[in-house]
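K.L.:
This is the structure, below, for whatever I ask next.
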Amino acid sequence: MLAKLVQTAWKDGSRLVSAHPFSRRHLLGGAAALSLGTLPFGRARAAGPLTVGFIYVGPKDDYGYNQAHAQGAAALKAIPGIEVVEEENVRETTDVQKTMESMINLDGASLVFPTSFGYFDPHVLIEAKKNPKVQFRHCGGLWTEANPKNAGSYFGYIAQGQYLNGIVAAHASKSKRLGFVAAKPVPQVLNNVNGFLLGARSVDPSITLQVIFTGEWSLAVKEAEATNALIDAGADVITCHVDGPKVVVETAARRGAFVCGYHADQSALAKDKYLTGAEWNWASIYKGFVADLQAGKAPPNFVRGGLPDGFVKMSPYGPAVSEAARQNADAVKAEMMKGGFAIIKGPLKDNKGNEVAGAGTALAENAIELEKTSYLVEGVKGSA
Amino acid sequence: MAADTTAPGLPLSESGADRPPALLQIRAWLARRAEGVAIPVGAVIAGFLIFSLFLLALGKSPLAFLDLVWRGGFGSPFALQNSLQRAAPLLLAALCVALPARLGLVVIGGEGAIVLGGVAAAAAAQPLQGLPPMLAVPLMALAAAGAGAAWIGAVGALRAYRGVNETIASLLMSYIAIALSNHLIEGLLRDPNSLNKPSTWPIGEAFAVGALPGLDVHWGLGIGVLACLAAYALTERTTIGFAARIAGGNVRAAQIQGLPVGRLVVGFTALGGACAALAGFFEVAAVHGNANASLNAGFGYTGILVAFLARHNPLAILPVAFLLGGIEASNGLIQRRMQLPDATALVLEGLLFLVVLVGETLYGRFKLFNPHLWAVKREAVA
């Protein structure tokens, strides 16, 4: 066994030596480049294919936030004339600046997608100023007119997906208690929690939702504990908003609870316990950006959209979803596809009894107020 | 140094007559020095050879891998600066392990001190607004160092006066530090405009720490290098450092000698904590411009690796941090060019760590490096 390994190693090694010219000349070349103070690799931008760089904060197979982006990247790989370079587990420190520079300088990337929310300020802003000929598009909707014009933002209204999750969950729940594992009490997460409960309450107003915040975007142990605690407290449908829902989904399914997914399709992890899920559909945005660049123009600086725009999609219904649930969710989804669907509609109170929307108020998905959400609606157990 | 000491009370073994010739003395001196370099370097090479087997098993070329490490980490000014940038926080984080290690303590909670130091610096920046940066920035650094010193110093105090295991205590304290920092960042110190990424108020452009002259690397590198040099001077060239090493070698003996072991433990842990916290200060002042969850980036844990690879010698931390910085800098290129997972660098670092630890047992075993073994042979022949 070992002998065979060594033998193949030797064979491989010798083959690779001849295939790969790693020679003294090469080292000298590096040293020469060092002394000249120039980069040894030219930018193969003008003639070659369009190189697009993707940077992820976690593993790109996390069944979550990063995988959703990696699926978008994979869709680009299929387009002729596009070369995709990817790097995963890049920290939100100067590391990501160096990764961007490396992609630009060594790989000739002319469009970069630093996908993590925390990459924008200051890292994307710094690199956009340093590399005015490269386009940077960041996920999260942080770009403003004051920022460099070769940078930009895109984001989606995924609370709509959580609202549909809530409808399906309400039909599946017997205990009428739902559970939500959340990362941090920030506006985007709170909108999802509120959307999930309001979707469920649109089916059955007696339903309640318990939310547990883990405090971190990715913290597997606490996510598992939170899932168990929610189920112990009687919840029989679980959803979440953390970077990688894998732990939540697997734990819930093993405990026999139903699961609504988030970020990406997790049906493979929960099998028949998976009801549906709110997924990103970044491929549609990425294809548009690339088409713009190939046509010789800069992609838009600010893009937002929801279900009707194809930025967000739902996982296929699982086997446990009843016919009534499907019809109900499909009908609401059709309503959403028309645009302007309001999840937050007055009269509505938060879970401390304060009014958050007066009678007659309806906040459509693009309402500016939703970007500052700081409350949990009535019926949610937990505090923001 | 050892050649000059004549132990009182022991009979001199005719050393005056049988003094080895000067050439042999030089050889002996060189041999003793060479051991400390040859064993770690040999271990790094051995670790890479084992790692190569992994690569070959995956059908990837170790030579291509080395080539990319060279290109990504060392082979161009961009690559070199990339490596130096990554080494900067590791220098300070490693000192948090290496300094207490002189006393035989294994402190692994530097991550907490880094995060806490960053938050302290950001918090201190608020009341200092309006002051000249020449005054305010050192005060911010001082606030960070103070917070880190108090935190890890408390671990030392628990060890010295209550006998609490410092390894466990520092790790658990690190979790508390991170939770406390998150609480402050998301509560008391939060800038309400930081909606989806809770952060403290920005420290402001005026207080930002810039880059080293002519380099694209911030001042954390300069201070890190200075700190390593100072730590070396402290541990190897002062009586305090000597006392610490005695206490590290044998606590009972140190106590019988009347050395203030408790104060040494608290002092060295506090100093280590201050160094780690300075790394946090630079993350805030030179990189982020405020304190937020990105501070918790794992530098403290990589620092443990650096310190152990350097055998807790502050001078050796410099090349080791540079090497690890280079491996991390090239990791991106390796992912992109060889389609290897990001964990590749971690596997390599882990293997190096393991082999260097095994290498620890080899000291004093090679005749080549141990002149006293030569003497034995000569005596035997005589």
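Naming scheme: A, B, ... for chains in displayed order of the structure tokens; residues 1 onward per chain; ligands 1 onward as shown.
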Can you work out which residues from chain B touch chain A at a cut-off of 8 Å (counting only C-alpha atoms) and hand them back as a PyMOL selection string?
P.N.:
chain B and resi 53+56-57+59+61-64+67+71+75-78+82+85-86+182+195-198+283+287-289+294-295+297+329+332-333+335-336+342
K.L.:
Those selected residues, please, written with C-alpha atoms and delivered as a PDB file, in the first residue's frame.
P.N.:
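again_16.pdb was written with the following content:
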```
ATOM      1  CA  LEU B  53       2.355  12.991   0.274  1.00  0.00           C
ATOM      2  CA  LEU B  56       0.409  13.556  -4.328  1.00  0.00           C
ATOM      3  CA  ALA B  57      -2.464  11.483  -2.999  1.00  0.00           C
ATOM      4  CA  GLY B  59      -2.907  14.119  -7.681  1.00  0.00           C
ATOM      5  CA  SER B  61       2.206  18.500  -7.692  1.00  0.00           C
ATOM      6  CA  PRO B  62       4.181  19.560  -4.596  1.00  0.00           C
ATOM      7  CA  LEU B  63       6.515  21.503  -6.879  1.00  0.00           C
ATOM      8  CA  ALA B  64       3.646  23.468  -8.351  1.00  0.00           C
ATOM      9  CA  ASP B  67       6.044  27.521  -6.852  1.00  0.00           C
ATOM     10  CA  ARG B  71       4.809  33.534  -6.087  1.00  0.00           C
ATOM     11  CA  GLY B  75       8.309  36.283  -5.136  1.00  0.00           C
ATOM     12  CA  SER B  76       7.328  39.888  -5.827  1.00  0.00           C
ATOM     13  CA  PRO B  77       7.047  43.155  -3.925  1.00  0.00           C
ATOM     14  CA  PHE B  78       3.278  42.717  -3.840  1.00  0.00           C
ATOM     15  CA  ASN B  82       1.078  40.736   1.470  1.00  0.00           C
ATOM     16  CA  GLN B  85       0.844  42.535   6.292  1.00  0.00           C
ATOM     17  CA  ARG B  86      -0.395  39.161   7.462  1.00  0.00           C
ATOM     18  CA  ASN B 182     -19.981  41.995  21.193  1.00  0.00           C
ATOM     19  CA  LEU B 195     -27.421  49.075  10.816  1.00  0.00           C
ATOM     20  CA  ASN B 196     -26.666  45.593   9.591  1.00  0.00           C
ATOM     21  CA  LYS B 197     -23.055  45.501  10.733  1.00  0.00           C
ATOM     22  CA  PRO B 198     -23.019  46.674  14.327  1.00  0.00           C
ATOM     23  CA  GLU B 283      -6.839  46.422  13.554  1.00  0.00           C
ATOM     24  CA  VAL B 287      -7.606  48.844   9.222  1.00  0.00           C
ATOM     25  CA  HIS B 288     -11.273  49.097  10.219  1.00  0.00           C
ATOM     26  CA  GLY B 289     -11.591  52.592  11.626  1.00  0.00           C
ATOM     27  CA  SER B 294     -14.407  41.454  12.247  1.00  0.00           C
ATOM     28  CA  LEU B 295     -11.860  41.938  15.044  1.00  0.00           C
ATOM     29  CA  ALA B 297     -10.517  37.042  13.049  1.00  0.00           C
ATOM     30  CA  ALA B 329      -0.745  35.017   1.568  1.00  0.00           C
ATOM     31  CA  GLY B 332      -5.493  32.359  -2.138  1.00  0.00           C
ATOM     32  CA  LEU B 333      -3.392  31.698  -5.214  1.00  0.00           C
ATOM     33  CA  GLN B 335      -7.053  27.882  -4.076  1.00  0.00           C
ATOM     34  CA  ARG B 336      -7.440  29.627  -7.398  1.00  0.00           C
ATOM     35  CA  ASP B 342      -8.828  26.751   1.632  1.00  0.00           C
TER      36      ASP B 342
END
```
K.L.:
Leaving out Ala88 of chain B and any residue of its chain fewer than 6 positions from it, which residues lie within 10 Å of it when counting only C-alpha atoms, given as a PyMOL selection string?
P.N.:
chain B and resi 217-225+279+282+299+318+321-322+325
K.L.:
Those same residues - C-alpha atoms - I'd like them written as a short mmCIF file (atom, residue, chain, number, x, y, z; two decimals), in the first residue's frame.
P.N.:
```cif
data_model
loop_
_atom_site.label_atom_id
_atom_site.label_comp_id
_atom_site.auth_asym_id
_atom_site.auth_seq_id
_atom_site.Cartn_x
_atom_site.Cartn_y
_atom_site.Cartn_z
CA VAL B 217 1.90 47.65 5.34
CA HIS B 218 0.58 49.45 8.40
CA TRP B 219 2.58 50.44 11.47
CA GLY B 220 1.52 47.33 13.34
CA LEU B 221 4.42 45.57 11.63
CA GLY B 222 6.96 48.11 12.89
CA ILE B 223 5.64 48.02 16.43
CA GLY B 224 5.39 44.21 16.27
CA VAL B 225 9.06 43.92 15.30
CA ALA B 279 -2.68 43.96 17.67
CA PHE B 282 -3.90 48.33 15.03
CA PHE B 299 -5.10 36.04 14.87
CA LEU B 318 10.00 37.25 13.46
CA ALA B 321 5.46 34.89 11.55
CA PHE B 322 6.83 35.92 8.16
CA GLY B 325 2.19 35.09 6.72
#
```
K.L.:
Show me, as a list in words, the residues that have an atom within 9 Å of Ile285 of chain A when counting only C-alpha atoms, minus same-chain residues fewer than 3 positions from it.
P.N.:
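Result of the neighbour search: Gly72, Tyr154, Asn281, Trp282, Gly288, Phe289, Val290, Val303, Gly310 and Phe311 of chain A.
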K.L.:
Using only C-alpha atoms, which of A:Ser202, A:Ser322, A:Ser175, A:Gln294 sits nearest Ile82 of chain A?
P.N.:
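Smallest distance to Ile82 of chain A is found for A:Gln294.
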K.L.:
Give me every strand (DSSP E or B) residue in segment 169-254 of chain A, going by DSSP on the backbone, as JSON, numbers by chain.
P.N.:
{"A": [177, 178, 179, 180, 181, 182, 208, 209, 210, 211, 212, 213, 237, 238, 239, 240, 241]}
K.L.:
Which distance in Å separates atom CA of Asn331 of chain B and atom CA of Lys130 of chain A, to one decimal?
P.N.:
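So the two atoms, atom CA of Asn331 of chain B and atom CA of Lys130 of chain A, lie 22.7 Å apart.
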K.L.:
Go through B:Ala121, B:Leu171, B:Ala160, B:Val356 and flag the residue nearest Val284 of chain B, using only C-alpha atoms for the distances.
P.N.:
B:Ala121
